[in-house]
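Q: One file: protein37.cif (mmCIF, C-alpha atoms).
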data_work
#
loop_
_atom_site.label_atom_id
_atom_site.label_comp_id
_atom_site.auth_asym_id
_atom_site.auth_seq_id
_atom_site.Cartn_x
_atom_site.Cartn_y
_atom_site.Cartn_z
CA MET A 1 14.98 -12.31 -17.85
CA PHE A 2 15.16 -9.29 -15.55
CA PHE A 3 14.82 -6.86 -18.44
CA VAL A 4 11.88 -8.81 -19.83
CA ASN A 5 10.20 -8.57 -16.42
CA LEU A 6 11.13 -4.88 -16.19
CA LYS A 7 9.46 -4.22 -19.54
CA MET A 8 6.33 -6.02 -18.36
CA TRP A 9 6.33 -4.13 -15.03
CA ALA A 10 6.72 -0.82 -16.87
CA GLY A 11 3.78 -1.59 -19.14
CA ASN A 12 1.40 -3.10 -16.61
CA TYR A 13 2.36 -1.74 -13.18
CA PHE A 14 4.45 1.43 -13.41
CA ASN A 15 2.07 3.10 -15.85
CA ILE A 16 -0.49 4.07 -13.20
CA ASP A 17 -2.37 6.24 -15.71
CA LYS A 18 -3.35 3.12 -17.65
CA LEU A 19 -7.01 3.14 -16.66
CA GLY A 20 -9.67 4.17 -19.14
CA LYS A 21 -8.94 7.74 -20.25
CA GLY A 22 -6.71 8.31 -17.25
CA ILE A 23 -8.92 10.94 -15.59
CA VAL A 24 -9.88 8.83 -12.57
CA SER A 25 -6.29 7.70 -11.96
CA LYS A 26 -5.12 11.34 -12.02
CA ILE A 27 -7.79 12.33 -9.48
CA ILE A 28 -6.78 9.44 -7.21
CA LEU A 29 -3.09 10.36 -7.54
CA ILE A 30 -3.69 14.03 -6.72
CA PHE A 31 -5.96 13.18 -3.79
CA MET A 32 -3.45 10.82 -2.16
CA LEU A 33 -0.54 13.15 -2.91
CA CYS A 34 -2.27 16.07 -1.18
CA ILE A 35 -3.03 14.23 2.05
CA LYS A 36 0.35 12.45 2.05
CA ALA A 37 2.35 15.63 1.49
CA ALA A 38 0.26 17.61 3.99
CA LEU A 39 1.88 15.71 6.87
CA ASN A 40 5.22 17.24 5.96
CA PHE A 41 3.89 20.79 6.32
CA LEU A 42 2.51 20.55 9.84
CA PRO A 43 4.15 22.87 12.43
CA PRO A 44 7.56 21.53 13.59
CA GLU A 45 6.33 20.72 17.12
CA TYR A 46 4.02 18.02 15.75
CA SER A 47 6.89 15.86 14.49
CA ASP A 48 9.35 16.81 17.26
CA PHE A 49 9.91 13.57 19.20
CA SER A 50 13.24 14.62 20.72
CA GLN A 51 11.96 14.26 24.30
CA PHE A 52 10.62 10.82 23.51
CA TYR A 53 13.99 9.72 22.07
CA VAL A 54 15.79 10.91 25.20
CA TRP A 55 13.25 9.07 27.39
CA PHE A 56 13.68 5.91 25.34
CA ARG A 57 17.48 5.99 25.65
CA ASN A 58 17.17 6.54 29.40
CA ILE A 59 14.77 3.66 29.83
CA MET A 60 17.06 1.36 27.87
CA THR A 61 20.02 2.18 30.10
CA ALA A 62 18.17 2.47 33.44
CA GLU A 63 18.73 -0.28 35.98
CA GLN A 64 15.23 0.04 37.40
CA MET A 65 11.94 1.71 36.53
CA THR A 66 11.16 4.97 38.34
CA ASP A 67 7.99 7.05 38.46
CA GLU A 68 9.59 9.60 36.19
CA LEU A 69 10.50 7.01 33.55
CA ALA A 70 7.02 5.50 33.70
CA VAL A 71 5.58 8.64 32.05
CA ILE A 72 5.95 8.65 28.26
CA PRO A 73 6.85 12.24 27.27
CA LEU A 74 4.53 12.65 24.28
CA THR A 75 2.87 16.02 23.79
CA TYR A 76 -0.63 16.65 22.45
CA GLU A 77 0.95 17.61 19.11
CA ASN A 78 2.91 14.34 19.05
CA TRP A 79 -0.27 12.30 19.59
CA MET A 80 -2.05 14.29 16.88
CA PHE A 81 0.83 13.66 14.49
CA LEU A 82 0.69 9.91 15.19
CA PHE A 83 -3.09 9.89 14.74
CA LEU A 84 -2.89 11.81 11.47
CA THR A 85 -0.11 9.55 10.20
CA VAL A 86 -2.19 6.43 10.85
CA LEU A 87 -5.27 8.09 9.36
CA VAL A 88 -3.42 9.10 6.19
CA LEU A 89 -1.98 5.59 5.85
CA TYR A 90 -5.46 4.09 6.22
CA ILE A 91 -6.94 6.46 3.63
CA CYS A 92 -4.09 5.77 1.18
CA ILE A 93 -4.48 2.00 1.57
CA MET A 94 -8.25 2.12 1.06
CA THR A 95 -7.92 4.49 -1.90
CA SER A 96 -5.35 2.13 -3.40
CA LEU A 97 -7.74 -0.79 -2.99
CA PHE A 98 -10.47 1.26 -4.69
CA TYR A 99 -8.06 1.95 -7.55
CA SER A 100 -7.17 -1.75 -7.70
CA GLY A 101 -10.84 -2.64 -8.07
CA LEU A 102 -11.20 -0.11 -10.89
CA VAL A 103 -8.14 -1.57 -12.64
CA LEU A 104 -9.66 -5.04 -12.44
CA ARG A 105 -12.95 -3.76 -13.87
CA ASP A 106 -11.02 -2.13 -16.73
CA LEU A 107 -9.07 -5.32 -17.43
CA ARG A 108 -12.24 -7.39 -17.46
CA SER A 109 -13.99 -4.98 -19.78
CA LYS A 110 -11.10 -5.14 -22.23
CA ASN A 111 -11.20 -8.94 -22.03
CA GLY A 112 -14.93 -9.07 -22.74
CA ARG A 113 -15.87 -10.19 -19.23
CA GLU A 114 -18.87 -8.81 -17.37
CA ASN A 115 -18.44 -6.63 -14.29
CA ILE A 116 -20.79 -6.26 -11.34
CA PRO A 117 -22.84 -3.01 -11.38
CA LEU A 118 -20.94 0.05 -10.19
CA SER A 119 -23.41 0.53 -7.32
CA VAL A 120 -22.68 -2.99 -6.05
CA PHE A 121 -18.94 -2.36 -6.42
CA LEU A 122 -19.21 0.83 -4.35
CA GLY A 123 -21.28 -0.96 -1.72
CA ARG A 124 -18.66 -3.68 -1.40
CA PHE A 125 -15.94 -1.05 -1.15
CA ILE A 126 -17.77 0.67 1.72
CA ILE A 127 -18.08 -2.67 3.54
CA LEU A 128 -14.37 -3.29 2.95
CA CYS A 129 -13.56 0.14 4.43
CA LEU A 130 -15.61 -0.58 7.54
CA VAL A 131 -14.07 -4.01 8.07
CA PHE A 132 -10.56 -2.72 7.50
CA SER A 133 -11.08 0.16 9.92
CA VAL A 134 -11.75 -2.42 12.65
CA ILE A 135 -8.81 -4.72 11.88
CA PHE A 136 -6.31 -2.03 10.81
CA ILE A 137 -4.55 -1.50 14.18
CA PRO A 138 -4.49 -5.21 15.23
CA PHE A 139 -3.33 -6.12 11.75
CA ALA A 140 -0.52 -3.55 11.90
CA LEU A 141 0.65 -4.88 15.28
CA LEU A 142 0.56 -8.42 13.91
CA ALA A 143 2.68 -7.32 10.97
CA VAL A 144 5.28 -5.86 13.35
CA TYR A 145 5.59 -8.88 15.65
CA LEU A 146 5.23 -11.52 12.92
CA LEU A 147 6.99 -9.65 10.14
CA ILE A 148 8.40 -12.68 8.29
CA LEU A 149 5.06 -14.49 8.20
CA PHE A 150 3.35 -11.26 7.16
CA LEU A 151 5.74 -10.76 4.23
CA LEU A 152 5.33 -14.35 3.09
CA ALA A 153 1.54 -13.99 3.19
CA ILE A 154 1.42 -10.80 1.10
CA PRO A 155 0.91 -12.61 -2.27
CA ILE A 156 -2.20 -14.24 -0.80
CA MET A 157 -3.49 -11.21 1.10
CA CYS A 158 -3.18 -8.86 -1.87
CA THR A 159 -5.74 -10.84 -3.89
CA ILE A 160 -8.38 -11.12 -1.14
CA PRO A 161 -9.80 -7.55 -1.32
CA VAL A 162 -9.67 -7.61 -5.13
CA CYS A 163 -11.57 -10.89 -5.17
CA TYR A 164 -14.26 -9.35 -2.97
CA LEU A 165 -14.45 -6.15 -5.02
CA SER A 166 -14.74 -8.20 -8.21
CA GLY A 167 -18.04 -9.62 -6.99
CA ASP A 168 -16.96 -13.19 -7.67
CA LYS A 169 -17.18 -14.21 -4.02
CA GLY A 170 -18.58 -13.00 -0.71
CA PHE A 171 -16.31 -11.51 1.93
CA PHE A 172 -15.41 -14.69 3.84
CA ALA A 173 -15.45 -16.84 0.71
CA SER A 174 -12.89 -14.47 -0.85
CA ILE A 175 -10.37 -15.35 1.86
CA GLY A 176 -10.52 -19.10 1.28
CA ASP A 177 -10.79 -18.82 -2.50
CA SER A 178 -7.79 -16.48 -2.76
CA ALA A 179 -5.65 -18.72 -0.55
CA ARG A 180 -6.56 -21.74 -2.67
CA ARG A 181 -6.10 -20.13 -6.08
CA THR A 182 -2.86 -18.30 -5.24
CA ARG A 183 -0.94 -21.52 -4.57
CA GLY A 184 -0.06 -22.06 -8.24
CA PHE A 185 0.96 -18.43 -8.77
CA TYR A 186 2.62 -17.62 -5.44
CA ILE A 187 6.19 -17.29 -6.80
CA LEU A 188 5.04 -15.27 -9.79
CA ILE A 189 3.18 -12.75 -7.61
CA LEU A 190 6.02 -12.63 -5.07
CA ARG A 191 8.48 -11.94 -7.91
CA ASP A 192 6.45 -8.97 -9.12
CA ILE A 193 6.02 -7.54 -5.61
CA THR A 194 9.69 -7.98 -4.69
CA GLY A 195 11.05 -6.72 -8.00
CA THR A 196 8.93 -3.58 -8.09
CA TYR A 197 9.68 -2.84 -4.43
CA VAL A 198 13.43 -3.00 -5.10
CA ILE A 199 12.97 -0.45 -7.89
CA TYR A 200 10.91 1.72 -5.53
CA MET A 201 13.73 1.58 -2.95
CA LEU A 202 16.33 2.54 -5.56
CA LEU A 203 14.21 5.49 -6.67
CA GLY A 204 13.78 6.43 -3.00
CA PHE A 205 17.55 6.56 -2.60
CA LEU A 206 17.86 8.88 -5.61
CA VAL A 207 15.05 11.08 -4.31
CA SER A 208 16.77 11.34 -0.92
CA LEU A 209 19.59 13.25 -2.63
CA VAL A 210 17.11 16.06 -3.31
CA SER A 211 16.93 16.70 0.46
CA TYR A 212 20.42 18.23 0.27
CA LEU A 213 19.07 20.86 -2.13
CA SER A 214 15.60 21.59 -0.79
CA GLY A 215 13.65 20.09 2.08
CA THR A 216 10.31 21.20 0.60
CA ALA A 217 11.06 19.71 -2.80
CA TYR A 218 12.15 16.48 -1.16
CA ALA A 219 8.93 16.26 0.89
CA ILE A 220 6.77 16.64 -2.21
CA ILE A 221 8.79 14.34 -4.47
CA HIS A 222 9.09 11.67 -1.78
CA SER A 223 5.34 11.84 -1.14
CA PHE A 224 4.73 11.48 -4.87
CA LEU A 225 7.01 8.45 -4.98
CA ASP A 226 5.14 6.82 -2.08
CA VAL A 227 1.75 7.46 -3.71
CA TRP A 228 3.04 6.20 -7.05
CA TYR A 229 4.11 2.93 -5.46
CA TYR A 230 0.78 2.58 -3.63
CA MET A 231 -0.90 2.68 -7.03
CA CYS A 232 1.71 0.36 -8.57
CA PHE A 233 1.06 -2.17 -5.82
CA ALA A 234 -2.69 -1.78 -6.39
CA ARG A 235 -2.16 -2.68 -10.04
CA ILE A 236 -0.10 -5.70 -9.00
CA CYS A 237 -3.02 -6.85 -6.82
CA ALA A 238 -5.44 -6.53 -9.74
CA TYR A 239 -3.18 -8.37 -12.15
CA ALA A 240 -2.38 -11.00 -9.52
CA TYR A 241 -6.08 -11.77 -9.22
CA THR A 242 -6.28 -12.21 -12.98
CA TYR A 243 -3.37 -14.65 -12.76
CA THR A 244 -5.30 -16.76 -10.28
CA GLN A 245 -8.36 -16.69 -12.52
CA SER A 246 -6.24 -17.82 -15.49
CA ILE A 247 -7.43 -14.88 -17.60
CA ARG A 248 -5.10 -14.17 -20.52
CA ILE A 249 -4.95 -10.39 -20.39
CA ILE A 250 -1.26 -9.85 -19.66
CA ASN A 251 0.56 -8.34 -22.61
CA LYS A 252 2.87 -10.36 -24.81
CA THR A 253 6.04 -9.61 -22.85
CA ASN A 254 4.76 -11.83 -20.02
CA LYS A 255 3.91 -14.96 -21.93
CA SER A 256 5.54 -17.98 -20.35
#
Show the structure stored in the file as structure tokens.
A:
Amino acid sequence: MFFVNLKMWAGNYFNIDKLGKGIVSKIILIFMLCIKAALNFLPPEYSDFSQFYVWFRNIMTAEQMTDELAVIPLTYENWMFLFLTVLVLYICIMTSLFYSGLVLRDLRSKNGRENIPLSVFLGRFIILCLVFSVIFIPFALLAVYLLILFLLAIPIMCTIPVCYLSGDKGFFASIGDSARRTRGFYILILRDITGTYVIYMLLGFLVSLVSYLSGTAYAIIHSFLDVWYYMCFARICAYAYTYTQSIRIINKTNKS
């Protein structure tokens, strides 16, 4: 069964170039790779958090808080690095959602289903970007403090933006509709997300071995791996939405 699923994942998810003639997917890949890899080539002082680590160890072992310990030793470069990291993550997530919407449009076209006009699709994507920019930080904090609930909700959450970008529902209606429709496909979607993530982790371990040979090569290859999985996950979101719509567009290896 695992190898059957692996064959299906390779055909539908891992092949991120499977979108029209592949030009748009290549542009998206290169764009995300450039901004993701750029973080690794900032001056060393930007990612130097040694003073912060020392402060954190001291505060964990201190018996009482002092004025000196109350000051978090983060430099201007450290704050800029954190800001750029969050910004890059936000851009990568939104670009992945854009790619997911394009994948869904491609799947629908191949299945003979009508898509909303491209102008409407772009307008909805802009609205999604604006909304996500507001909820991004609170959502990230919620994911940290309620990690288990967040992970369990991923199969539902991943179909919400795709539902909105499809044009089938309005923004708030997409939330309720996705939660309702995902119930019969929850395990199937969770299986695909979990299985592909395990493969991503295994590849990450192999890529980490490159760091012993060249730090620069490792930074680029690791960034490529991250971007590749962003796009794989985006494809999972698009296919997951088709599951919930009961559209038979999955290739023959996934018939069950």
Q: Which residue out of A:Cys163, A:Val103, A:Ile189, A:Ala179 has the minimum interatomic distance to Arg235 in chain A when all atoms listed in the file are used?
A: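 Smallest distance to Arg235 in chain A is found for A:Val103.
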Q: Report, in Å with one decimal, the straight-line distance from CA of Ile221 in chain A to CA of Met201 in chain A.
A: 13.8 Å
Q: Pick from A:Gly101, A:Gly204, A:Gly215, A:Gly195: nearest to Trp9 in chain A, with only C-alpha atoms counted?
A: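 Looking only at the distances to Trp9 in chain A, the closest residue turns out to be A:Gly195.
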Q: Could you give me, as a tab-separated table, every range 44-92 of chain A residue with an atom at most 12 Å from range 24-36 of chain A, plus its closest atom pair and distance in Å to one decimal, counting all atoms listed in the file, rows ordered by chain then number?
A:
residue	atom	partner	partner_atom	distance
A:Leu84	CA	A:Ile35	CA	9.7
A:Thr85	CA	A:Lys36	CA	8.7
A:Val86	CA	A:Lys36	CA	11.0
A:Leu87	CA	A:Ile35	CA	9.8
A:Val88	CA	A:Lys36	CA	6.5
A:Leu89	CA	A:Lys36	CA	8.2
A:Tyr90	CA	A:Met32	CA	10.9
A:Ile91	CA	A:Met32	CA	8.0
A:Cys92	CA	A:Met32	CA	6.1
Q: Kindly give the distance, in Å, that separates CA of Ala240 in chain A and CA of Thr159 in chain A, rounded to a single decimal.
A: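 Between CA of Ala240 in chain A and CA of Thr159 in chain A the gap works out to 6.6 Å.
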Q: Could you tell me which residues the PyMOL selection byres ((chain A and resi 119-122) around 12) grabs in this file, written as a list of chain:residue names?
A: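 Applied to this file, the PyMOL selection byres ((chain A and resi 119-122) around 12) returns A:Leu97, A:Phe98, A:Tyr99, A:Ser100, A:Gly101, A:Leu102, A:Leu104, A:Arg105, A:Asn115, A:Ile116, A:Pro117, A:Leu118, A:Gly123, A:Arg124, A:Phe125, A:Ile126, A:Ile127, A:Leu128, A:Cys129, A:Pro161, A:Val162, A:Cys163, A:Tyr164, A:Leu165, A:Ser166, A:Gly167, A:Asp168.
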Q: List, as a PyMOL selection string, every residue that the PyMOL selection byres ((chain A and resi 239) around 12) selects in the file provided.
A: chain A and resi 8-9+11-13+100-108+155+158-159+162-163+185+188-189+192-193+232-238+240-251+254
Q: Can you work out the spacing between CA of Leu209 in chain A and CA of Ala37 in chain A in Å, to one decimal?
A: 17.9 Å
Q: What's around Asn78 in chain A at 12 Å? Count only C-alpha atoms, leave out sequence neighbours fewer than 5 positions away in its own chain, and write the answer as a ChimeraX atom specification.
A: /A:42-52,72-73,83-85
